[in-house]
file entry21.cif (mmCIF, C-alpha atoms)
data_input
#
loop_
_atom_site.label_atom_id
_atom_site.label_comp_id
_atom_site.auth_asym_id
_atom_site.auth_seq_id
_atom_site.Cartn_x
_atom_site.Cartn_y
_atom_site.Cartn_z
CA MET R 1 0.00 0.00 0.00
CA LYS R 2 1.25 3.48 -0.82
CA PHE R 3 0.40 6.33 1.55
CA SER R 4 0.20 10.05 0.86
CA LEU R 5 0.16 12.82 3.49
CA CYS R 6 -2.18 15.78 3.07
CA ASN R 7 0.39 18.55 3.08
CA GLU R 8 -1.51 21.14 5.14
CA VAL R 9 -0.63 18.96 8.14
CA LEU R 10 2.89 20.36 7.70
CA LYS R 11 1.82 23.77 6.39
CA GLU R 12 4.05 25.62 8.86
CA LEU R 13 7.05 24.34 6.89
CA PRO R 14 8.21 25.55 3.46
CA PHE R 15 7.19 23.15 0.72
CA GLU R 16 10.67 21.71 0.26
CA ALA R 17 10.82 20.94 4.00
CA GLN R 18 7.37 19.32 3.76
CA CYS R 19 8.71 17.02 1.04
CA ARG R 20 11.84 16.20 3.01
CA SER R 21 9.91 15.54 6.22
CA ALA R 22 7.18 13.44 4.60
CA ALA R 23 9.76 11.29 2.84
CA ALA R 24 11.77 10.87 6.05
CA LEU R 25 8.64 9.76 7.92
CA GLY R 26 7.97 7.08 5.33
CA TYR R 27 5.24 8.58 3.14
CA ASP R 28 5.25 7.88 -0.58
CA ALA R 29 3.64 11.16 -1.61
CA LEU R 30 2.06 14.44 -0.65
CA GLU R 31 -1.58 15.27 -1.41
CA VAL R 32 -1.48 19.02 -1.86
CA ALA R 33 -3.94 21.73 -0.83
CA PRO R 34 -3.42 24.40 -3.52
CA PHE R 35 -3.66 27.31 -1.07
CA THR R 36 -0.47 26.03 0.61
CA LEU R 37 1.49 26.69 -2.59
CA ALA R 38 0.22 30.25 -3.14
CA ALA R 39 -2.20 32.61 -1.42
CA ASP R 40 -4.10 32.55 -4.70
CA PRO R 41 -3.37 29.34 -6.61
CA MET R 42 -4.48 31.08 -9.80
CA ASP R 43 -1.22 33.03 -9.62
CA LEU R 44 0.80 29.84 -10.12
CA GLY R 45 2.28 29.59 -13.59
CA ASP R 46 2.98 26.39 -15.48
CA ALA R 47 6.73 26.56 -14.87
CA GLU R 48 6.27 27.13 -11.15
CA ALA R 49 3.89 24.19 -10.87
CA ARG R 50 6.35 21.91 -12.67
CA ALA R 51 9.09 23.11 -10.31
CA PHE R 52 7.05 22.05 -7.26
CA GLY R 53 6.63 18.63 -8.82
CA ARG R 54 10.37 18.32 -9.43
CA MET R 55 11.05 19.43 -5.86
CA ALA R 56 8.96 16.56 -4.52
CA ARG R 57 10.60 14.02 -6.82
CA ASP R 58 14.05 15.29 -5.86
CA HIS R 59 13.22 14.31 -2.27
CA GLY R 60 12.08 10.83 -3.27
CA ILE R 61 8.30 11.35 -3.13
CA GLU R 62 5.59 12.37 -5.56
CA ILE R 63 2.64 14.72 -5.57
CA SER R 64 -0.23 12.29 -5.71
CA GLY R 65 -3.05 14.79 -6.22
CA LEU R 66 -4.85 17.90 -4.99
CA HIS R 67 -7.56 18.41 -2.38
CA TRP R 68 -9.29 21.26 -0.47
CA LEU R 69 -9.69 22.94 -3.83
CA LEU R 70 -11.83 26.05 -3.40
CA VAL R 71 -10.43 27.71 -0.27
CA ALA R 72 -8.71 30.31 -2.41
CA PRO R 73 -9.43 32.57 -4.13
CA ALA R 74 -12.18 33.57 -1.71
CA GLY R 75 -15.89 33.64 -2.42
CA LEU R 76 -16.27 30.69 -4.82
CA SER R 77 -19.40 28.55 -5.14
CA ILE R 78 -20.69 25.79 -7.43
CA THR R 79 -24.25 26.15 -6.13
CA SER R 80 -24.80 29.92 -6.15
CA ALA R 81 -27.68 31.30 -8.19
CA ASP R 82 -25.19 33.88 -9.52
CA ALA R 83 -24.22 32.51 -12.94
CA ALA R 84 -21.16 34.75 -13.19
CA LEU R 85 -19.85 33.46 -9.86
CA ARG R 86 -20.38 29.86 -10.94
CA GLN R 87 -18.55 30.59 -14.18
CA ARG R 88 -15.62 32.06 -12.24
CA THR R 89 -15.63 29.06 -9.90
CA THR R 90 -15.65 26.65 -12.84
CA ALA R 91 -12.67 28.45 -14.37
CA VAL R 92 -10.78 28.00 -11.09
CA MET R 93 -11.65 24.30 -11.03
CA GLN R 94 -10.46 23.85 -14.61
CA ARG R 95 -7.18 25.62 -13.86
CA LEU R 96 -6.68 23.44 -10.79
CA VAL R 97 -7.06 20.41 -13.04
CA GLU R 98 -4.26 21.78 -15.22
CA LEU R 99 -2.11 22.50 -12.18
CA CYS R 100 -2.65 18.96 -10.88
CA ALA R 101 -1.32 17.52 -14.12
CA LEU R 102 1.62 19.94 -14.16
CA LEU R 103 2.52 18.98 -10.59
CA GLY R 104 2.50 15.30 -11.55
CA GLY R 105 -0.72 14.49 -9.69
CA ARG R 106 -3.29 11.95 -10.82
CA TYR R 107 -6.50 13.06 -9.08
CA LEU R 108 -8.34 15.98 -7.47
CA VAL R 109 -10.60 15.65 -4.43
CA HIS R 110 -13.49 18.13 -4.42
CA GLY R 111 -14.57 18.54 -0.82
CA SER R 112 -14.95 22.30 -0.25
CA PRO R 113 -18.19 22.05 1.78
CA ARG R 114 -18.86 25.76 2.19
CA GLN R 115 -18.53 26.33 -1.54
CA ARG R 116 -21.10 23.64 -2.43
CA SER R 117 -23.79 23.84 0.24
CA VAL R 118 -27.38 24.77 -0.64
CA PRO R 119 -27.70 28.59 -0.55
CA PRO R 120 -30.19 30.00 2.01
CA GLY R 121 -33.71 30.02 0.62
CA ASP R 122 -32.80 27.78 -2.31
CA THR R 123 -33.84 24.20 -3.02
CA HIS R 124 -31.63 21.13 -2.82
CA ALA R 125 -32.57 20.13 -6.38
CA ALA R 126 -31.63 23.51 -7.86
CA ALA R 127 -28.32 23.60 -5.99
CA LEU R 128 -27.46 20.07 -7.09
CA GLU R 129 -28.19 20.86 -10.73
CA ARG R 130 -25.92 23.91 -10.63
CA ALA R 131 -23.20 21.85 -8.98
CA ARG R 132 -23.61 19.18 -11.65
CA GLU R 133 -22.99 21.70 -14.42
CA CYS R 134 -19.81 23.00 -12.78
CA LEU R 135 -18.50 19.51 -12.00
CA ALA R 136 -19.25 18.27 -15.51
CA ALA R 137 -17.10 21.10 -16.89
CA ALA R 138 -14.30 20.15 -14.51
CA ALA R 139 -14.64 16.53 -15.62
CA ARG R 140 -14.19 17.54 -19.27
CA SER R 141 -10.97 19.33 -18.36
CA ALA R 142 -9.84 16.36 -16.26
CA GLN R 143 -10.33 14.01 -19.19
CA GLN R 144 -8.26 16.30 -21.41
CA CYS R 145 -5.48 16.41 -18.78
CA ASP R 146 -5.61 12.66 -18.03
CA VAL R 147 -6.46 13.06 -14.33
CA ILE R 148 -9.49 12.04 -12.26
CA TYR R 149 -11.80 14.57 -10.63
CA CYS R 150 -13.45 13.15 -7.49
CA ILE R 151 -16.47 14.52 -5.68
CA GLU R 152 -16.08 13.82 -1.97
CA PRO R 153 -19.07 12.78 0.15
CA LEU R 154 -18.90 14.80 3.37
CA ALA R 155 -20.72 14.61 6.69
CA THR R 156 -23.93 16.55 7.26
CA ALA R 157 -22.13 18.62 9.88
CA GLU R 158 -20.08 20.12 7.03
CA THR R 159 -22.51 20.40 4.12
CA ASP R 160 -26.09 19.57 3.13
CA LEU R 161 -25.16 18.47 -0.41
CA LEU R 162 -23.75 15.02 -1.27
CA ASN R 163 -23.26 13.32 2.09
CA THR R 164 -23.09 9.62 1.18
CA VAL R 165 -21.26 7.53 -1.37
CA ALA R 166 -24.62 6.47 -2.84
CA GLN R 167 -25.58 10.11 -3.44
CA ALA R 168 -22.18 10.84 -4.99
CA VAL R 169 -22.45 7.78 -7.25
CA GLU R 170 -25.78 9.07 -8.57
CA LEU R 171 -23.99 12.25 -9.61
CA VAL R 172 -21.09 10.30 -11.11
CA GLN R 173 -23.55 8.29 -13.19
CA ALA R 174 -25.40 11.45 -14.26
CA ILE R 175 -22.20 13.16 -15.44
CA ALA R 176 -21.02 9.91 -17.06
CA SER R 177 -17.41 10.89 -17.64
CA PRO R 178 -14.50 8.45 -17.27
CA ALA R 179 -12.63 11.29 -15.56
CA PHE R 180 -15.28 11.94 -12.89
CA LYS R 181 -15.58 9.61 -9.89
CA THR R 182 -16.13 9.69 -6.15
CA MET R 183 -14.11 8.55 -3.13
CA ILE R 184 -14.32 7.44 0.50
CA ASP R 185 -13.27 9.65 3.39
CA CYS R 186 -13.22 7.46 6.50
CA SER R 187 -14.05 10.28 8.91
CA ALA R 188 -17.12 11.38 6.94
CA ALA R 189 -18.21 7.81 6.25
CA GLY R 190 -17.95 6.94 9.93
CA GLN R 191 -20.31 9.80 10.74
CA VAL R 192 -23.05 9.36 8.12
CA GLU R 193 -22.97 5.97 6.39
CA ALA R 194 -25.21 3.09 7.51
CA GLU R 195 -22.47 0.57 6.66
CA ASP R 196 -18.98 0.45 8.13
CA VAL R 197 -16.08 1.48 5.90
CA PRO R 198 -14.95 -2.04 4.89
CA ALA R 199 -18.51 -2.91 3.82
CA LEU R 200 -18.74 0.39 1.97
CA MET R 201 -15.53 -0.42 0.08
CA ARG R 202 -16.70 -3.91 -0.81
CA ARG R 203 -20.04 -2.54 -2.03
CA TRP R 204 -18.80 0.34 -4.16
CA MET R 205 -15.24 -0.34 -5.31
CA PRO R 206 -16.24 -3.14 -7.70
CA THR R 207 -18.45 -0.62 -9.54
CA GLY R 208 -15.40 1.37 -10.63
CA HIS R 209 -16.83 4.60 -9.22
CA ILE R 210 -14.34 4.91 -6.30
CA ALA R 211 -11.00 6.47 -7.26
CA HIS R 212 -9.54 7.55 -3.92
CA VAL R 213 -9.50 6.92 -0.16
CA GLN R 214 -8.62 9.22 2.72
CA VAL R 215 -7.96 7.73 6.15
CA ASN R 216 -8.90 9.63 9.30
CA ASP R 217 -11.03 9.03 12.37
CA PRO R 218 -14.59 10.34 12.84
CA ASN R 219 -13.13 12.41 15.71
CA ARG R 220 -11.16 14.23 12.95
CA ARG R 221 -7.78 13.04 14.21
CA GLY R 222 -5.39 10.75 12.38
CA PRO R 223 -5.95 7.02 11.94
CA GLY R 224 -5.35 5.21 15.21
CA GLN R 225 -6.24 8.21 17.35
CA GLY R 226 -9.90 7.35 17.85
CA GLU R 227 -12.42 4.55 17.94
CA MET R 228 -12.41 3.56 14.26
CA ARG R 229 -10.56 0.29 13.58
CA PHE R 230 -8.28 0.57 10.57
CA ALA R 231 -6.99 -3.02 10.37
CA PRO R 232 -10.28 -4.17 8.75
CA ILE R 233 -10.21 -1.12 6.45
CA LEU R 234 -6.69 -1.93 5.22
CA ALA R 235 -7.72 -5.57 4.83
CA ALA R 236 -10.67 -4.54 2.64
CA LEU R 237 -8.38 -2.29 0.62
CA ARG R 238 -5.93 -5.12 0.03
CA GLU R 239 -8.79 -7.35 -1.03
CA MET R 240 -10.07 -4.74 -3.47
CA ARG R 241 -6.58 -4.12 -4.86
CA GLN R 242 -5.97 -7.82 -5.41
CA ALA R 243 -9.29 -8.06 -7.23
CA GLY R 244 -8.33 -5.10 -9.43
CA HIS R 245 -11.08 -2.85 -8.05
CA TYR R 246 -8.84 -0.19 -6.49
CA GLN R 247 -5.45 0.99 -7.71
CA GLY R 248 -5.23 4.36 -5.98
CA ILE R 249 -3.06 5.69 -3.19
CA VAL R 250 -4.35 6.11 0.39
CA ALA R 251 -4.11 9.63 1.82
CA VAL R 252 -3.73 10.49 5.51
CA GLU R 253 -5.93 13.51 6.26
CA PRO R 254 -6.30 14.47 9.94
CA PHE R 255 -7.93 17.79 10.78
CA ASP R 256 -7.11 17.89 14.48
CA TYR R 257 -3.33 17.55 14.83
CA VAL R 258 -2.39 15.77 18.06
CA PRO R 259 0.12 16.50 19.49
CA ASP R 260 0.99 18.76 16.53
CA GLY R 261 1.30 18.50 12.74
CA MET R 262 4.58 16.61 12.67
CA GLY R 263 3.58 14.38 15.58
CA SER R 264 0.23 13.59 13.96
CA ALA R 265 1.88 12.74 10.64
CA ALA R 266 4.51 10.55 12.29
CA ARG R 267 2.00 8.68 14.45
CA ALA R 268 -0.32 8.01 11.50
CA ILE R 269 2.30 6.47 9.20
CA GLY R 270 3.80 4.44 12.04
CA TYR R 271 0.37 3.10 12.94
CA LEU R 272 -0.55 2.24 9.35
CA ARG R 273 2.78 0.58 8.57
CA GLY R 274 2.47 -1.33 11.85
CA LEU R 275 -0.92 -2.67 10.79
CA GLU R 276 0.59 -3.75 7.48
CA GLU R 277 3.47 -5.47 9.22
CA ALA R 278 1.08 -7.26 11.55
CA ALA R 279 -0.85 -8.46 8.49
CA GLY R 280 2.37 -9.68 6.88
CA VAL R 281 2.32 -7.05 4.15
CA GLY R 282 5.52 -5.41 2.91
CA HIS R 283 6.02 -1.73 2.04
CA GLY R 284 5.44 -0.74 -1.57
#

call {"tool": "encode", "arguments": {"input": "entry21.cif", "output": "structure tokens"}}
result
Amino acid sequence: MKFSLCNEVLKELPFEAQCRSAAALGYDALEVAPFTLAADPMDLGDAEARAFGRMARDHGIEISGLHWLLVAPAGLSITSADAALRQRTTAVMQRLVELCALLGGRYLVHGSPRQRSVPPGDTHAAALERARECLAAAARSAQQCDVIYCIEPLATAETDLLNTVAQAVELVQAIASPAFKTMIDCSAAGQVEAEDVPALMRRWMPTGHIAHVQVNDPNRRGPGQGEMRFAPILAALREMRQAGHYQGIVAVEPFDYVPDGMGSAARAIGYLRGLEEAAGVGHG
């Protein structure tokens, strides 16, 4: 199994130090939040994006993909009734797709709950249709750039739009693009899904709609720092990989860093590698 670290966990460090530290801890990659590379990611040029990718590779890791996409620039929305705002948001999403490819990434995770929730006074159906149009445009760009754009189901505490894998799969099927899929975030799934995460993986991964997995506890800390059991999750992942149903990387994405960013990152990879060792699985 290959593991990626969501780089905002180490956001206090310069990017080169993030690469060096993640590699030293034993991660295979960084999953990058664009706002950590520039206050406005739209200011990043092609050459600068390629340079970040080379910097990671020079330290023995890769940039696996992008996540937390619409934090910056401020004020974006895929559900707003303002057509001009949605057009601007779509342009940002399409540029992020290009940046992902330039960085060497293979996927984008669209969480961004505030930028996709149902606007006050609006209907769920209208908001979902607007979101579909924006995401379909991003999917077209993703197909052109040979990357996968994933819509992330998130807990109801974060957003009122697309909370379960089943809901996300409906959207994936409606958009019907080979470059548009969904994913499983263990923290969100542990809060809202009726099934546990291993059952969720075994149900949905064989459909081909799941392109990514993020591991974290429902308490928003790293894997192994809460009640969720990750040995069965890794076992299900191995089963799905062996069956050819999942070929992606697994990203570590805590939100509450205990004892701090570096400590959280170190504990998570040590815990996950320890579970692999206990299962008799080698690294790589």

call {"tool": "atom_distance", "arguments": {"input": "entry21.cif", "atom1": "CA of Met205 (chain R)", "atom2": "CA of Ser187 (chain R)"}}
result
17.8 Å

call {"tool": "atom_distance", "arguments": {"input": "entry21.cif", "atom1": "CA of Gln115 (chain R)", "atom2": "CA of Ile78 (chain R)"}}
result
6.3 Å

call {"tool": "residues_around", "arguments": {"input": "entry21.cif", "residues": "Thr89 (chain R)", "least_positions_apart": "5", "cutoff": "12 Å", "atoms": "all atoms listed in the file", "output": "list in words"}}
result
Met42, Leu69, Leu70, Val71, Ala72, Pro73, Ala74, Gly75, Leu76, Ser77, Ile78, Thr79, Ser80, Asp82, Ala83, Ala84, Gln94, Arg95, Leu96, Ser112, Gln115, Arg116, Arg130, Ala131, Glu133, Cys134, Leu135, Ala137 and Ala138 of chain R

call {"tool": "residues_around", "arguments": {"input": "entry21.cif", "residues": "region 262-273 of chain R", "least_positions_apart": "2", "cutoff": "10 Å", "atoms": "all atoms listed in the file", "output": "PyMOL selection string"}}
result
chain R and resi 1-7+9-13+18+21-22+24-27+215-216+221-225+230-231+234+252-260+275-279+281-283

call {"tool": "closest_residue", "arguments": {"input": "entry21.cif", "among": "R:Val169, R:Ile249, R:Ile61, R:Ile151", "to": "Gly208 (chain R)", "atoms": "all atoms listed in the file"}}
result
R:Val169

call {"tool": "atom_distance", "arguments": {"input": "entry21.cif", "atom1": "CA of Asn219 (chain R)", "atom2": "CA of Ala17 (chain R)"}}
result
28.0 Å

call {"tool": "residues_around", "arguments": {"input": "entry21.cif", "residues": "Gln191 (chain R)", "least_positions_apart": "6", "cutoff": "12 Å", "atoms": "only C-alpha atoms", "output": "MDAnalysis selection string"}}
result
chainID R and resid 153:158 163:164 185 197 216:220 227:228

call {"tool": "resolve_selection", "arguments": {"input": "entry21.cif", "expression": "the PyMOL selection byres ((chain R and resi 170-177) around 9)", "output": "VMD selection string"}}
result
chain R and resid 128 132 to 133 135 to 136 139 to 140 143 150 to 151 162 165 to 169 178 to 182 209

call {"tool": "closest_residue", "arguments": {"input": "entry21.cif", "among": "R:Pro198, R:Gly53, R:Pro41, R:Pro34", "to": "Gly105 (chain R)", "atoms": "all atoms listed in the file"}}
result
R:Gly53

call {"tool": "closest_residue", "arguments": {"input": "entry21.cif", "among": "R:Gly121, R:Gly244, R:Gly45, R:Gly111", "to": "Glu98 (chain R)", "atoms": "all atoms listed in the file"}}
result
R:Gly45

call {"tool": "residues_around", "arguments": {"input": "entry21.cif", "residues": "Tyr107 (chain R)", "least_positions_apart": "5", "cutoff": "6 Å", "atoms": "all atoms listed in the file", "output": "ChimeraX atom specification"}}
result
/R:65,147-149

call {"tool": "resolve_selection", "arguments": {"input": "entry21.cif", "expression": "the PyMOL selection byres ((chain R and resi 63) around 9)", "output": "PyMOL selection string"}}
result
chain R and resi 4+28-32+52-53+56-57+61-62+64-66+100+103-106

call {"tool": "closest_residue", "arguments": {"input": "entry21.cif", "among": "R:Phe15, R:Val97, R:Leu37, R:Ile233", "to": "His110 (chain R)", "atoms": "all atoms listed in the file"}}
result
R:Val97

call {"tool": "resolve_selection", "arguments": {"input": "entry21.cif", "expression": "the PyMOL selection byres ((chain R and resi 213) around 7)", "output": "ChimeraX atom specification"}}
result
/R:183-185,212,214-215,250-251

call {"tool": "write_last_selection", "arguments": {"input": "entry21.cif", "atoms": "C-alpha atoms", "output": "compact mmCIF listing (two decimals), in the frame of the given file"}}
result
# COMPACT_ATOMS: atom_id res chain seq x y z
CA MET R 183 -14.11 8.55 -3.13
CA ILE R 184 -14.32 7.44 0.50
CA ASP R 185 -13.27 9.65 3.39
CA HIS R 212 -9.54 7.55 -3.92
CA GLN R 214 -8.62 9.22 2.72
CA VAL R 215 -7.96 7.73 6.15
CA VAL R 250 -4.35 6.11 0.39
CA ALA R 251 -4.11 9.63 1.82

call {"tool": "axis_aligned_box", "arguments": {"input": "entry21.cif", "around": "region 206-212 of chain R", "padding_each_side": "4 Å", "output": "AutoDock Vina command-line options"}}
result
--center_x -14.0 --center_y 2.2 --center_z -7.3 --size_x 16.9 --size_y 18.7 --size_z 14.7

call {"tool": "closest_residue", "arguments": {"input": "entry21.cif", "among": "R:His245, R:Ala211, R:Arg238, R:Ser141", "to": "Ala91 (chain R)", "atoms": "only C-alpha atoms"}}
result
R:Ser141

call {"tool": "build_atoms", "arguments": {"input": "entry21.cif", "residues": "region 61-86 of chain R", "atoms": "N, CA and C atoms", "output": "JSON list (two decimals), keeping the file's coordinate frame"}}
result
[["chain", "number", "residue", "atom", "x", "y", "z"],
["R", 61, "ILE", "N", 9.75, 11.57, -3.22],
["R", 61, "ILE", "CA", 8.30, 11.35, -3.13],
["R", 61, "ILE", "C", 7.64, 12.00, -4.33],
["R", 62, "GLU", "N", 6.34, 11.79, -4.46],
["R", 62, "GLU", "CA", 5.59, 12.37, -5.56],
["R", 62, "GLU", "C", 4.49, 13.26, -5.01],
["R", 63, "ILE", "N", 3.89, 14.03, -5.89],
["R", 63, "ILE", "CA", 2.64, 14.72, -5.57],
["R", 63, "ILE", "C", 1.54, 13.85, -6.13],
["R", 64, "SER", "N", 0.76, 13.26, -5.25],
["R", 64, "SER", "CA", -0.23, 12.29, -5.71],
["R", 64, "SER", "C", -1.47, 12.96, -6.29],
["R", 65, "GLY", "N", -1.85, 14.11, -5.74],
["R", 65, "GLY", "CA", -3.05, 14.79, -6.22],
["R", 65, "GLY", "C", -3.30, 16.06, -5.43],
["R", 66, "LEU", "N", -4.46, 16.66, -5.66],
["R", 66, "LEU", "CA", -4.85, 17.90, -4.99],
["R", 66, "LEU", "C", -6.16, 17.68, -4.22],
["R", 67, "HIS", "N", -6.33, 18.45, -3.14],
["R", 67, "HIS", "CA", -7.56, 18.41, -2.38],
["R", 67, "HIS", "C", -7.81, 19.79, -1.77],
["R", 68, "TRP", "N", -8.93, 19.97, -1.09],
["R", 68, "TRP", "CA", -9.29, 21.26, -0.47],
["R", 68, "TRP", "C", -9.17, 22.36, -1.53],
["R", 69, "LEU", "N", -9.95, 22.21, -2.58],
["R", 69, "LEU", "CA", -9.69, 22.94, -3.83],
["R", 69, "LEU", "C", -10.12, 24.40, -3.83],
["R", 70, "LEU", "N", -11.23, 24.73, -3.18],
["R", 70, "LEU", "CA", -11.83, 26.05, -3.40],
["R", 70, "LEU", "C", -11.70, 26.99, -2.21],
["R", 71, "VAL", "N", -10.68, 26.78, -1.38],
["R", 71, "VAL", "CA", -10.43, 27.71, -0.27],
["R", 71, "VAL", "C", -10.02, 29.08, -0.81],
["R", 72, "ALA", "N", -9.20, 29.07, -1.83],
["R", 72, "ALA", "CA", -8.71, 30.31, -2.41],
["R", 72, "ALA", "C", -8.69, 30.17, -3.93],
["R", 73, "PRO", "N", -9.04, 31.26, -4.64],
["R", 73, "PRO", "CA", -9.43, 32.57, -4.13],
["R", 73, "PRO", "C", -10.77, 32.53, -3.39],
["R", 74, "ALA", "N", -11.01, 33.54, -2.58],
["R", 74, "ALA", "CA", -12.18, 33.57, -1.71],
["R", 74, "ALA", "C", -13.47, 33.77, -2.51],
["R", 75, "GLY", "N", -14.57, 33.31, -1.91],
["R", 75, "GLY", "CA", -15.89, 33.64, -2.42],
["R", 75, "GLY", "C", -16.43, 32.74, -3.51],
["R", 76, "LEU", "N", -15.84, 31.57, -3.73],
["R", 76, "LEU", "CA", -16.27, 30.69, -4.82],
["R", 76, "LEU", "C", -17.49, 29.87, -4.41],
["R", 77, "SER", "N", -18.24, 29.40, -5.41],
["R", 77, "SER", "CA", -19.40, 28.55, -5.14],
["R", 77, "SER", "C", -19.82, 27.83, -6.42],
["R", 78, "ILE", "N", -20.14, 26.53, -6.29],
["R", 78, "ILE", "CA", -20.69, 25.79, -7.43],
["R", 78, "ILE", "C", -22.20, 25.67, -7.34],
["R", 79, "THR", "N", -22.80, 26.25, -6.31],
["R", 79, "THR", "CA", -24.25, 26.15, -6.13],
["R", 79, "THR", "C", -24.95, 27.51, -6.11],
["R", 80, "SER", "N", -24.21, 28.58, -6.19],
["R", 80, "SER", "CA", -24.80, 29.92, -6.15],
["R", 80, "SER", "C", -25.75, 30.13, -7.33],
["R", 81, "ALA", "N", -26.78, 30.92, -7.10],
["R", 81, "ALA", "CA", -27.68, 31.30, -8.19],
["R", 81, "ALA", "C", -27.05, 32.33, -9.11],
["R", 82, "ASP", "N", -25.92, 32.88, -8.72],
["R", 82, "ASP", "CA", -25.19, 33.88, -9.52],
["R", 82, "ASP", "C", -24.40, 33.16, -10.61],
["R", 83, "ALA", "N", -24.86, 33.24, -11.85],
["R", 83, "ALA", "CA", -24.22, 32.51, -12.94],
["R", 83, "ALA", "C", -22.78, 32.96, -13.17],
["R", 84, "ALA", "N", -22.52, 34.25, -13.00],
["R", 84, "ALA", "CA", -21.16, 34.75, -13.19],
["R", 84, "ALA", "C", -20.21, 34.18, -12.15],
["R", 85, "LEU", "N", -20.69, 34.05, -10.91],
["R", 85, "LEU", "CA", -19.85, 33.46, -9.86],
["R", 85, "LEU", "C", -19.58, 31.99, -10.15],
["R", 86, "ARG", "N", -20.60, 31.28, -10.61],
["R", 86, "ARG", "CA", -20.38, 29.86, -10.94],
["R", 86, "ARG", "C", -19.40, 29.72, -12.10]]
